[in-house]
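**Q** Contents of input-v7.cif (mmCIF, C-alpha atoms) are given next:
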data_input
#
loop_
_atom_site.group_PDB
_atom_site.id
_atom_site.type_symbol
_atom_site.label_atom_id
_atom_site.label_comp_id
_atom_site.auth_asym_id
_atom_site.auth_seq_id
_atom_site.Cartn_x
_atom_site.Cartn_y
_atom_site.Cartn_z
ATOM 1 C CA MET A 1 42.150 9.225 -0.032
ATOM 2 C CA THR A 2 40.651 10.801 3.108
ATOM 3 C CA THR A 3 37.033 11.996 3.368
ATOM 4 C CA ALA A 4 38.154 15.656 3.265
ATOM 5 C CA GLU A 5 40.179 15.022 0.111
ATOM 6 C CA LYS A 6 37.151 13.357 -1.531
ATOM 7 C CA TYR A 7 34.870 16.291 -0.710
ATOM 8 C CA VAL A 8 37.411 18.911 -1.866
ATOM 9 C CA THR A 9 37.962 17.043 -5.137
ATOM 10 C CA ALA A 10 34.185 16.762 -5.593
ATOM 11 C CA ALA A 11 33.774 20.537 -5.145
ATOM 12 C CA TYR A 12 36.375 21.285 -7.844
ATOM 13 C CA LEU A 13 34.900 18.618 -10.151
ATOM 14 C CA VAL A 14 31.430 20.155 -9.796
ATOM 15 C CA VAL A 15 32.796 23.471 -11.089
ATOM 16 C CA LEU A 16 34.533 21.698 -13.970
ATOM 17 C CA ALA A 17 31.364 19.715 -14.782
ATOM 18 C CA VAL A 18 29.210 22.857 -14.881
ATOM 19 C CA VAL A 19 31.686 24.616 -17.188
ATOM 20 C CA LEU A 20 31.792 21.556 -19.481
ATOM 21 C CA LEU A 21 27.984 21.332 -19.457
ATOM 22 C CA TYR A 22 27.856 24.985 -20.472
ATOM 23 C CA VAL A 23 30.246 24.269 -23.369
ATOM 24 C CA VAL A 24 28.007 21.374 -24.538
ATOM 25 C CA VAL A 25 24.858 23.545 -24.363
ATOM 26 C CA TYR A 26 26.686 26.295 -26.241
ATOM 27 C CA ALA A 27 27.793 23.820 -28.930
ATOM 28 C CA PHE A 28 24.141 22.874 -29.499
ATOM 29 C CA LYS A 29 23.258 26.563 -29.740
ATOM 30 C CA LEU A 30 26.023 27.155 -32.307
ATOM 31 C CA ALA A 31 24.809 24.181 -34.342
ATOM 32 C CA ARG A 32 21.283 25.641 -34.352
ATOM 33 C CA LEU A 33 22.610 29.050 -35.433
ATOM 34 C CA GLU A 34 24.597 27.409 -38.225
ATOM 35 C CA ARG A 35 21.452 25.607 -39.461
ATOM 36 C CA GLU A 36 19.502 28.884 -39.418
ATOM 37 C CA VAL A 37 22.247 30.722 -41.326
ATOM 38 C CA SER A 38 22.250 27.962 -43.968
ATOM 39 C CA ARG A 39 18.454 28.110 -44.259
ATOM 40 C CA LEU A 40 18.450 31.908 -44.623
ATOM 41 C CA ALA A 41 21.311 31.787 -47.152
ATOM 42 C CA ARG A 42 19.302 29.255 -49.211
ATOM 43 C CA LEU A 43 16.206 31.446 -48.964
ATOM 44 C CA ALA A 44 18.190 34.507 -50.058
ATOM 45 C CA ALA A 45 19.675 32.561 -52.993
ATOM 46 C CA GLU A 46 16.187 31.434 -54.101
ATOM 47 C CA ARG A 47 14.999 35.029 -53.950
ATOM 48 C CA ARG A 48 17.934 36.216 -56.043
ATOM 49 C CA VAL A 49 17.272 33.812 -58.950
ATOM 50 C CA PRO A 50 13.931 35.366 -60.067
ATOM 51 C CA ASP A 51 15.407 38.827 -59.540
ATOM 52 C CA GLU A 52 18.281 38.029 -61.868
ATOM 53 C CA ALA A 53 15.995 36.996 -64.747
ATOM 54 C CA PRO A 54 14.924 40.439 -66.034
ATOM 55 C CA LYS A 55 18.487 41.679 -66.077
ATOM 56 C CA VAL A 56 18.287 42.319 -69.817
ATOM 57 C CA LYS A 57 17.992 46.037 -70.268
ATOM 58 C CA PRO A 58 14.436 46.848 -71.343
ATOM 59 C CA ALA A 59 14.150 48.626 -74.644
ATOM 60 C CA GLU A 60 13.819 52.357 -74.381
ATOM 61 C CA PRO A 61 10.543 53.775 -75.576
ATOM 62 C CA ALA A 62 10.819 55.362 -78.993
ATOM 63 C CA ARG A 63 11.413 59.058 -78.796
ATOM 64 C CA THR A 64 9.224 61.292 -80.826
ATOM 65 C CA VAL A 65 10.865 64.175 -82.506
ATOM 66 C CA ASN A 66 8.760 67.202 -82.774
ATOM 67 C CA MET B 1 42.900 45.353 -32.748
ATOM 68 C CA TRP B 2 43.047 41.529 -32.560
ATOM 69 C CA LEU B 3 42.339 41.715 -28.835
ATOM 70 C CA ARG B 4 39.337 43.927 -29.407
ATOM 71 C CA ASN B 5 37.841 41.567 -31.979
ATOM 72 C CA ASN B 6 38.624 38.398 -30.021
ATOM 73 C CA ARG B 7 37.880 39.470 -26.460
ATOM 74 C CA GLY B 8 36.165 36.158 -25.656
ATOM 75 C CA VAL B 9 39.145 34.096 -26.849
ATOM 76 C CA ALA B 10 41.643 36.238 -24.908
ATOM 77 C CA LEU B 11 39.548 36.020 -21.730
ATOM 78 C CA ALA B 12 39.093 32.250 -22.115
ATOM 79 C CA ALA B 13 42.860 31.742 -22.525
ATOM 80 C CA THR B 14 43.554 33.958 -19.481
ATOM 81 C CA ALA B 15 40.922 32.103 -17.444
ATOM 82 C CA ALA B 16 42.366 28.695 -18.386
ATOM 83 C CA PHE B 17 45.887 29.778 -17.435
ATOM 84 C CA LEU B 18 44.911 31.448 -14.140
ATOM 85 C CA LEU B 19 42.532 28.716 -13.027
ATOM 86 C CA LEU B 20 44.931 25.881 -13.809
ATOM 87 C CA THR B 21 47.722 27.740 -11.980
ATOM 88 C CA GLY B 22 45.472 28.654 -9.049
ATOM 89 C CA ILE B 23 44.021 25.161 -8.598
ATOM 90 C CA SER B 24 47.484 23.551 -8.856
ATOM 91 C CA LEU B 25 48.811 25.943 -6.226
ATOM 92 C CA ALA B 26 45.756 25.344 -4.023
ATOM 93 C CA PHE B 27 46.242 21.577 -4.087
ATOM 94 C CA PHE B 28 50.034 21.268 -3.987
ATOM 95 C CA TRP B 29 51.578 24.485 -2.649
ATOM 96 C CA VAL B 30 49.553 26.224 0.068
ATOM 97 C CA PRO B 31 49.854 24.842 3.591
ATOM 98 C CA ASP B 32 46.935 23.157 5.376
ATOM 99 C CA ASP B 33 44.724 25.449 7.452
ATOM 100 C CA VAL B 34 45.330 25.142 11.205
ATOM 101 C CA ASP B 35 41.611 24.721 12.041
ATOM 102 C CA GLN B 36 40.095 22.989 9.035
ATOM 103 C CA GLY B 37 43.059 21.142 7.550
ATOM 104 C CA PHE B 38 42.826 19.971 3.933
ATOM 105 C CA SER B 39 39.103 20.775 3.573
ATOM 106 C CA GLN B 40 39.847 24.522 3.743
ATOM 107 C CA ARG B 41 41.063 24.228 0.127
ATOM 108 C CA ILE B 42 37.440 24.548 -1.053
ATOM 109 C CA PHE B 43 37.842 28.212 -0.049
ATOM 110 C CA TYR B 44 39.957 28.838 -3.196
ATOM 111 C CA ILE B 45 37.052 27.942 -5.475
ATOM 112 C CA HIS B 46 33.975 28.682 -3.330
ATOM 113 C CA VAL B 47 34.750 32.310 -2.384
ATOM 114 C CA PRO B 48 35.979 33.413 -5.869
ATOM 115 C CA VAL B 49 32.886 31.835 -7.451
ATOM 116 C CA ALA B 50 30.606 33.610 -4.923
ATOM 117 C CA LEU B 51 32.330 36.972 -5.506
ATOM 118 C CA THR B 52 32.060 36.422 -9.269
ATOM 119 C CA ALA B 53 28.313 35.795 -8.905
ATOM 120 C CA TYR B 54 27.998 39.121 -7.037
ATOM 121 C CA ALA B 55 30.071 40.817 -9.763
ATOM 122 C CA CYS B 56 27.822 39.399 -12.514
ATOM 123 C CA PHE B 57 24.639 40.534 -10.756
ATOM 124 C CA GLY B 58 26.243 43.944 -10.169
ATOM 125 C CA TRP B 59 27.254 44.156 -13.834
ATOM 126 C CA GLY B 60 23.705 43.217 -14.871
ATOM 127 C CA ALA B 61 22.304 45.962 -12.643
ATOM 128 C CA TRP B 62 24.764 48.506 -14.071
ATOM 129 C CA LYS B 63 23.687 47.626 -17.621
ATOM 130 C CA ALA B 64 20.042 47.845 -16.514
ATOM 131 C CA LEU B 65 20.700 51.331 -15.157
ATOM 132 C CA ARG B 66 22.333 52.304 -18.460
ATOM 133 C CA LEU B 67 19.237 51.027 -20.296
ATOM 134 C CA LEU B 68 16.892 53.081 -18.140
ATOM 135 C CA TRP B 69 19.169 56.104 -18.478
ATOM 136 C CA THR B 70 19.847 56.016 -22.232
ATOM 137 C CA ARG B 71 16.965 53.821 -23.572
ATOM 138 C CA GLU B 72 19.504 52.017 -25.769
ATOM 139 C CA THR B 73 18.209 48.523 -26.542
ATOM 140 C CA ARG B 74 21.642 46.852 -26.561
ATOM 141 C CA TYR B 75 21.903 47.243 -22.775
ATOM 142 C CA ASP B 76 18.891 44.969 -22.333
ATOM 143 C CA LEU B 77 20.718 42.025 -23.890
ATOM 144 C CA GLU B 78 23.885 42.855 -21.927
ATOM 145 C CA SER B 79 22.002 43.034 -18.625
ATOM 146 C CA TYR B 80 20.166 39.779 -19.374
ATOM 147 C CA THR B 81 23.431 37.985 -20.238
ATOM 148 C CA ALA B 82 25.111 39.222 -17.041
ATOM 149 C CA VAL B 83 22.196 37.972 -14.908
ATOM 150 C CA HIS B 84 22.350 34.648 -16.790
ATOM 151 C CA MET B 85 26.058 34.318 -15.870
ATOM 152 C CA GLY B 86 25.331 35.374 -12.282
ATOM 153 C CA VAL B 87 22.795 32.579 -11.903
ATOM 154 C CA ILE B 88 25.303 29.991 -13.221
ATOM 155 C CA PHE B 89 27.921 31.173 -10.713
ATOM 156 C CA GLY B 90 25.209 31.319 -8.040
ATOM 157 C CA ILE B 91 24.465 27.606 -8.563
ATOM 158 C CA LEU B 92 28.190 26.858 -8.252
ATOM 159 C CA THR B 93 28.392 28.906 -5.037
ATOM 160 C CA LEU B 94 25.491 27.030 -3.470
ATOM 161 C CA VAL B 95 26.843 23.604 -4.476
ATOM 162 C CA THR B 96 30.473 24.199 -3.425
ATOM 163 C CA GLY B 97 29.295 25.909 -0.217
ATOM 164 C CA SER B 98 27.067 22.965 0.567
ATOM 165 C CA ILE B 99 29.945 20.519 0.114
ATOM 166 C CA TRP B 100 32.141 22.653 2.374
ATOM 167 C CA ALA B 101 29.361 22.833 4.989
ATOM 168 C CA ARG B 102 29.101 19.040 4.944
ATOM 169 C CA ILE B 103 32.796 18.623 5.788
ATOM 170 C CA SER B 104 33.093 21.480 8.273
ATOM 171 C CA TRP B 105 29.700 21.544 10.022
ATOM 172 C CA GLY B 106 28.449 18.019 9.263
ATOM 173 C CA VAL B 107 25.321 19.322 7.474
ATOM 174 C CA TRP B 108 24.606 20.154 3.835
ATOM 175 C CA TRP B 109 22.672 23.306 4.710
ATOM 176 C CA SER B 110 21.937 25.438 7.774
ATOM 177 C CA TRP B 111 18.770 27.556 7.771
ATOM 178 C CA GLY B 112 20.041 29.411 10.844
ATOM 179 C CA GLU B 113 22.848 31.058 8.882
ATOM 180 C CA ARG B 114 21.889 34.491 7.576
ATOM 181 C CA GLN B 115 24.735 34.530 5.045
ATOM 182 C CA LEU B 116 23.522 31.296 3.423
ATOM 183 C CA VAL B 117 19.843 32.172 3.505
ATOM 184 C CA LEU B 118 20.457 35.672 2.110
ATOM 185 C CA PHE B 119 22.549 34.263 -0.722
ATOM 186 C CA LEU B 120 19.750 31.780 -1.477
ATOM 187 C CA VAL B 121 17.235 34.666 -1.488
ATOM 188 C CA LEU B 122 19.481 36.625 -3.873
ATOM 189 C CA PHE B 123 19.842 33.565 -6.120
ATOM 190 C CA LEU B 124 16.090 32.866 -6.171
ATOM 191 C CA PHE B 125 15.362 36.553 -6.804
ATOM 192 C CA TYR B 126 17.539 36.517 -9.917
ATOM 193 C CA SER B 127 16.187 33.116 -10.986
ATOM 194 C CA ALA B 128 12.706 34.681 -10.991
ATOM 195 C CA TYR B 129 14.094 37.345 -13.380
ATOM 196 C CA PHE B 130 13.827 34.802 -16.215
ATOM 197 C CA MET B 131 10.189 34.035 -15.395
ATOM 198 C CA LEU B 132 9.371 37.750 -15.489
ATOM 199 C CA ARG B 133 11.305 38.241 -18.717
ATOM 200 C CA TYR B 134 9.656 35.396 -20.592
ATOM 201 C CA SER B 135 6.149 36.097 -19.298
ATOM 202 C CA THR B 136 5.967 39.369 -21.264
ATOM 203 C CA GLU B 137 6.158 40.118 -24.970
ATOM 204 C CA PRO B 138 9.505 41.356 -26.336
ATOM 205 C CA GLY B 139 9.675 45.110 -26.674
ATOM 206 C CA PRO B 140 10.414 48.300 -24.731
ATOM 207 C CA ARG B 141 8.002 47.365 -21.919
ATOM 208 C CA ARG B 142 9.790 44.067 -21.251
ATOM 209 C CA GLU B 143 13.176 45.795 -21.429
ATOM 210 C CA ARG B 144 12.159 48.381 -18.824
ATOM 211 C CA MET B 145 10.527 45.806 -16.517
ATOM 212 C CA SER B 146 13.586 43.527 -16.662
ATOM 213 C CA ALA B 147 15.901 46.480 -16.035
ATOM 214 C CA VAL B 148 13.975 47.663 -12.974
ATOM 215 C CA TYR B 149 13.918 44.099 -11.587
ATOM 216 C CA ALA B 150 17.666 43.621 -12.144
ATOM 217 C CA LEU B 151 18.298 46.966 -10.450
ATOM 218 C CA PHE B 152 16.197 46.067 -7.391
ATOM 219 C CA GLY B 153 18.089 42.813 -6.922
ATOM 220 C CA VAL B 154 21.418 44.583 -6.594
ATOM 221 C CA VAL B 155 20.272 45.952 -3.210
ATOM 222 C CA LEU B 156 20.474 42.401 -1.878
ATOM 223 C CA ILE B 157 24.197 42.129 -2.711
ATOM 224 C CA PRO B 158 25.563 44.417 0.057
ATOM 225 C CA VAL B 159 22.967 42.996 2.458
ATOM 226 C CA SER B 160 24.101 39.452 1.658
ATOM 227 C CA PHE B 161 27.769 40.469 1.869
ATOM 228 C CA LEU B 162 27.419 42.346 5.163
ATOM 229 C CA ALA B 163 25.059 39.839 6.791
ATOM 230 C CA ILE B 164 27.939 37.762 8.092
ATOM 231 C CA ARG B 165 29.501 40.825 9.732
ATOM 232 C CA LEU B 166 26.259 42.020 11.278
ATOM 233 C CA ALA B 167 25.164 38.590 12.509
ATOM 234 C CA GLU B 168 25.639 37.417 16.067
ATOM 235 C CA GLY B 169 26.682 33.885 16.931
ATOM 236 C CA PHE B 170 27.427 32.626 13.429
ATOM 237 C CA ILE B 171 29.311 29.545 12.329
ATOM 238 C CA HIS B 172 30.123 30.767 8.835
ATOM 239 C CA PRO B 173 33.745 32.022 9.058
ATOM 240 C CA THR B 174 34.739 35.656 8.372
ATOM 241 C CA VAL B 175 38.048 35.772 6.544
ATOM 242 C CA PHE B 176 38.083 39.369 5.319
ATOM 243 C CA THR B 177 37.823 41.819 8.209
ATOM 244 C CA ARG B 178 38.683 45.508 8.655
ATOM 245 C CA ASP B 179 42.215 44.402 9.597
ATOM 246 C CA GLY B 180 42.662 42.716 6.195
ATOM 247 C CA PRO B 181 42.580 39.054 5.145
ATOM 248 C CA GLN B 182 42.916 36.676 8.102
ATOM 249 C CA MET B 183 45.184 34.175 6.363
ATOM 250 C CA ALA B 184 48.797 33.568 5.417
ATOM 251 C CA GLY B 185 50.322 35.543 2.532
ATOM 252 C CA SER B 186 50.635 32.412 0.357
ATOM 253 C CA MET B 187 46.946 31.592 0.893
ATOM 254 C CA PHE B 188 45.907 35.121 -0.025
ATOM 255 C CA PHE B 189 48.072 34.999 -3.165
ATOM 256 C CA VAL B 190 46.439 31.747 -4.337
ATOM 257 C CA PHE B 191 43.022 33.176 -3.525
ATOM 258 C CA CYS B 192 43.786 36.239 -5.713
ATOM 259 C CA VAL B 193 44.936 34.023 -8.619
ATOM 260 C CA CYS B 194 41.749 31.927 -8.366
ATOM 261 C CA LEU B 195 39.574 35.057 -8.106
ATOM 262 C CA ALA B 196 41.223 36.563 -11.206
ATOM 263 C CA GLY B 197 40.709 33.202 -12.977
ATOM 264 C CA THR B 198 36.995 32.948 -12.140
ATOM 265 C CA LEU B 199 36.421 36.608 -13.091
ATOM 266 C CA ALA B 200 38.174 35.966 -16.431
ATOM 267 C CA LEU B 201 36.061 32.803 -16.894
ATOM 268 C CA ALA B 202 32.879 34.792 -16.236
ATOM 269 C CA GLY B 203 34.103 37.445 -18.683
ATOM 270 C CA ALA B 204 34.773 34.823 -21.355
ATOM 271 C CA LEU B 205 31.375 33.168 -20.872
ATOM 272 C CA TYR B 206 29.689 36.587 -20.893
ATOM 273 C CA ALA B 207 31.441 37.653 -24.122
ATOM 274 C CA ASN B 208 30.611 34.388 -25.924
ATOM 275 C CA GLU B 209 27.024 34.240 -24.674
ATOM 276 C CA LEU B 210 26.436 37.866 -25.664
ATOM 277 C CA LEU B 211 27.882 37.203 -29.107
ATOM 278 C CA GLY B 212 25.589 34.195 -29.534
ATOM 279 C CA LYS B 213 22.528 36.172 -28.438
ATOM 280 C CA ARG B 214 23.398 39.057 -30.781
ATOM 281 C CA VAL B 215 23.831 36.664 -33.735
ATOM 282 C CA ASP B 216 20.508 35.055 -32.795
ATOM 283 C CA ALA B 217 18.765 38.459 -32.738
ATOM 284 C CA SER B 218 20.341 39.490 -36.067
ATOM 285 C CA LEU B 219 19.215 36.216 -37.663
ATOM 286 C CA ARG B 220 15.677 36.812 -36.474
ATOM 287 C CA GLN B 221 15.711 40.295 -38.021
ATOM 288 C CA LEU B 222 17.090 38.851 -41.256
ATOM 289 C CA GLU B 223 14.390 36.182 -41.279
ATOM 290 C CA GLU B 224 11.687 38.842 -40.883
ATOM 291 C CA ALA B 225 13.235 40.871 -43.710
ATOM 292 C CA LEU B 226 13.296 37.829 -46.004
ATOM 293 C CA ALA B 227 9.768 36.666 -45.116
#
Can you give me the file's structure in the form of structure tokens?

**A**
Amino acid sequence: MTTAEKYVTAAYLVVLAVVLLYVVVYAFKLARLEREVSRLARLAAERRVPDEAPKVKPAEPARTVN
Amino acid sequence: MWLRNNRGVALAATAAFLLLTGISLAFFWVPDDVDQGFSQRIFYIHVPVALTAYACFGWGAWKALRLLWTRETRYDLESYTAVHMGVIFGILTLVTGSIWARISWGVWWSWGERQLVLFLVLFLFYSAYFMLRYSTEPGPRRERMSAVYALFGVVLIPVSFLAIRLAEGFIHPTVFTRDGPQMAGSMFFVFCVCLAGTLALAGALYANELLGKRVDASLRQLEEALA
């Protein structure tokens, strides 16, 4: 392999490496987003449980007939 | 409909196809350059990447203008993402250009070259965009400041692009002149394939990054609503 061939290959590999690095960084970001979604879903589920408790229809106040 | 909902996937697939084709053609099909020989093949990645960086900065400035014009918040995120992509392609331009300079001129960098220095100024200008953005609190003020900054930077693009044509006694080659591209038809074809590939790659990265940032912003809003 000549010097020119080495340099040309290096230039193309740099581009490939940067794109791959970007993919890795993006994978970490997606993992973080997934964790946050799970946390918020859990929080929403916890909120829903106390809300569901008084689902029994409250008794209507007695009507007075005049 | 599918294409509209999966723009990032479609662009990524197009970019992969065009770049693989372009790089294969650049290595195994195009003839060696008369002056530079095999090393001229860096041209097929360096110039498309540089033009893509200009396109990203230009796109960021356009979105910034739309923000200032319409006051719609979504343009802030779009402008920011475009500048982000421009900086990534700017790094690639500087690195591939430096490697090419080492083979052709025997040096990694030449401060005497206006084209190189102006591109570095443009790159540093847009790198400082992030410092400005994160030094102020989120809100309309930050959006407007970032937009004005992104818009100012776009002035440097034609200056950087024309510097090589206005300069006297340069060593950086001029390939595209008023008489058209100064290269063989096969070389120009491969260059166009690589340029389309890098533009599609930038589009794919932009679409995915924007999607990620929008999801991030929506999650933050949801968190505030649940708090």

**Q** Give the answer as one residue: which of A:Ala11, A:Tyr22, A:Arg35, A:Val49 has the shortest atom-to-atom distance to chain B, using all atoms listed in the file?

**A**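 Looking only at the distances to chain B, the closest residue turns out to be A:Ala11.
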
**Q** Of the candidates B:Leu201, B:Trp29, B:Val9, B:Gly106, which one gets nearest to Val15 (chain A) if we count all atoms listed in the file?

**A**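 Under the stated criterion, the closest residue is B:Leu201.
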
**Q** Tell me which residues the PyMOL selection byres ((chain B and resi 104) around 12) grabs here, as a list in words.

**A** Thr3, Ala4, Tyr7 and Val8 of chain A; Asp35, Gln36, Gly37, Phe38, Ser39, Gln40, Arg41, Ile42, Phe43, Gly97, Ser98, Ile99, Trp100, Ala101, Arg102, Ile103, Trp105, Gly106, Val107, Trp108, Trp109, Ser110, Ile171, His172 and Pro173 of chain B

**Q** So that I have them on file, write out the residues from the current selection with C-alpha atoms, as a tab-separated table (two decimals), in the frame of the given file.

**A**
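As a result, selection03.tsv now contains:
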chain	number	residue	atom	x	y	z
A	3	THR	CA	37.03	12.00	3.37
A	4	ALA	CA	38.15	15.66	3.26
A	7	TYR	CA	34.87	16.29	-0.71
A	8	VAL	CA	37.41	18.91	-1.87
B	35	ASP	CA	41.61	24.72	12.04
B	36	GLN	CA	40.10	22.99	9.04
B	37	GLY	CA	43.06	21.14	7.55
B	38	PHE	CA	42.83	19.97	3.93
B	39	SER	CA	39.10	20.78	3.57
B	40	GLN	CA	39.85	24.52	3.74
B	41	ARG	CA	41.06	24.23	0.13
B	42	ILE	CA	37.44	24.55	-1.05
B	43	PHE	CA	37.84	28.21	-0.05
B	97	GLY	CA	29.30	25.91	-0.22
B	98	SER	CA	27.07	22.96	0.57
B	99	ILE	CA	29.94	20.52	0.11
B	100	TRP	CA	32.14	22.65	2.37
B	101	ALA	CA	29.36	22.83	4.99
B	102	ARG	CA	29.10	19.04	4.94
B	103	ILE	CA	32.80	18.62	5.79
B	105	TRP	CA	29.70	21.54	10.02
B	106	GLY	CA	28.45	18.02	9.26
B	107	VAL	CA	25.32	19.32	7.47
B	108	TRP	CA	24.61	20.15	3.84
B	109	TRP	CA	22.67	23.31	4.71
B	110	SER	CA	21.94	25.44	7.77
B	171	ILE	CA	29.31	29.54	12.33
B	172	HIS	CA	30.12	30.77	8.84
B	173	PRO	CA	33.74	32.02	9.06

**Q** Find the residues in chain A near chain B: any atom within 10 Å counts, using all atoms listed in the file. Write them as an MDAnalysis selection string.

**A** chainID A and resid 2:16 18:19 22:23 26 29:30 32:33 36:37 39:40 43:44 47

**Q** Interatomic distance between CA of Leu21 (chain A) and CA of Ala202 (chain B)?

**A**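 Between these atoms lies a distance of 14.7 Å.
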
**Q** Take CA of Asp76 (chain B) and CA of Ala225 (chain B) and report the distance between them in Å, one decimal.

**A**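 Going from CA of Asp76 (chain B) over to CA of Ala225 (chain B), I get 22.5 Å.
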
**Q** For the provided coordinates, the residues matched by the PyMOL selection byres ((chain B and resi 207) around 12) should be stated as a list in words.

**A** Arg4, Asn5, Asn6, Arg7, Gly8, Val9, Ala10, Leu11, Ala12, Leu77, Glu78, Thr81, Ala82, Met85, Ala200, Leu201, Ala202, Gly203, Ala204, Leu205, Tyr206, Asn208, Glu209, Leu210, Leu211, Gly212, Lys213 and Arg214 of chain B

**Q** For Gly86 (chain B), which residue out of B:Phe123, B:Phe17, B:Phe130, B:Phe191 is the nearest one, using all atoms listed in the file?

**A**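 Counting all atoms listed in the file, the residue closest to Gly86 (chain B) is B:Phe123.
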
**Q** Of the candidates B:Ser135, B:Ser79, B:Thr198, B:Thr52, which shows the shortest atom-to-atom distance to Val148 (chain B), using all atoms listed in the file?

**A** B:Ser79

**Q** Could you check how far CA of Pro48 (chain B) sits from CA of Ala196 (chain B), in Å to one decimal?

**A** 8.1 Å
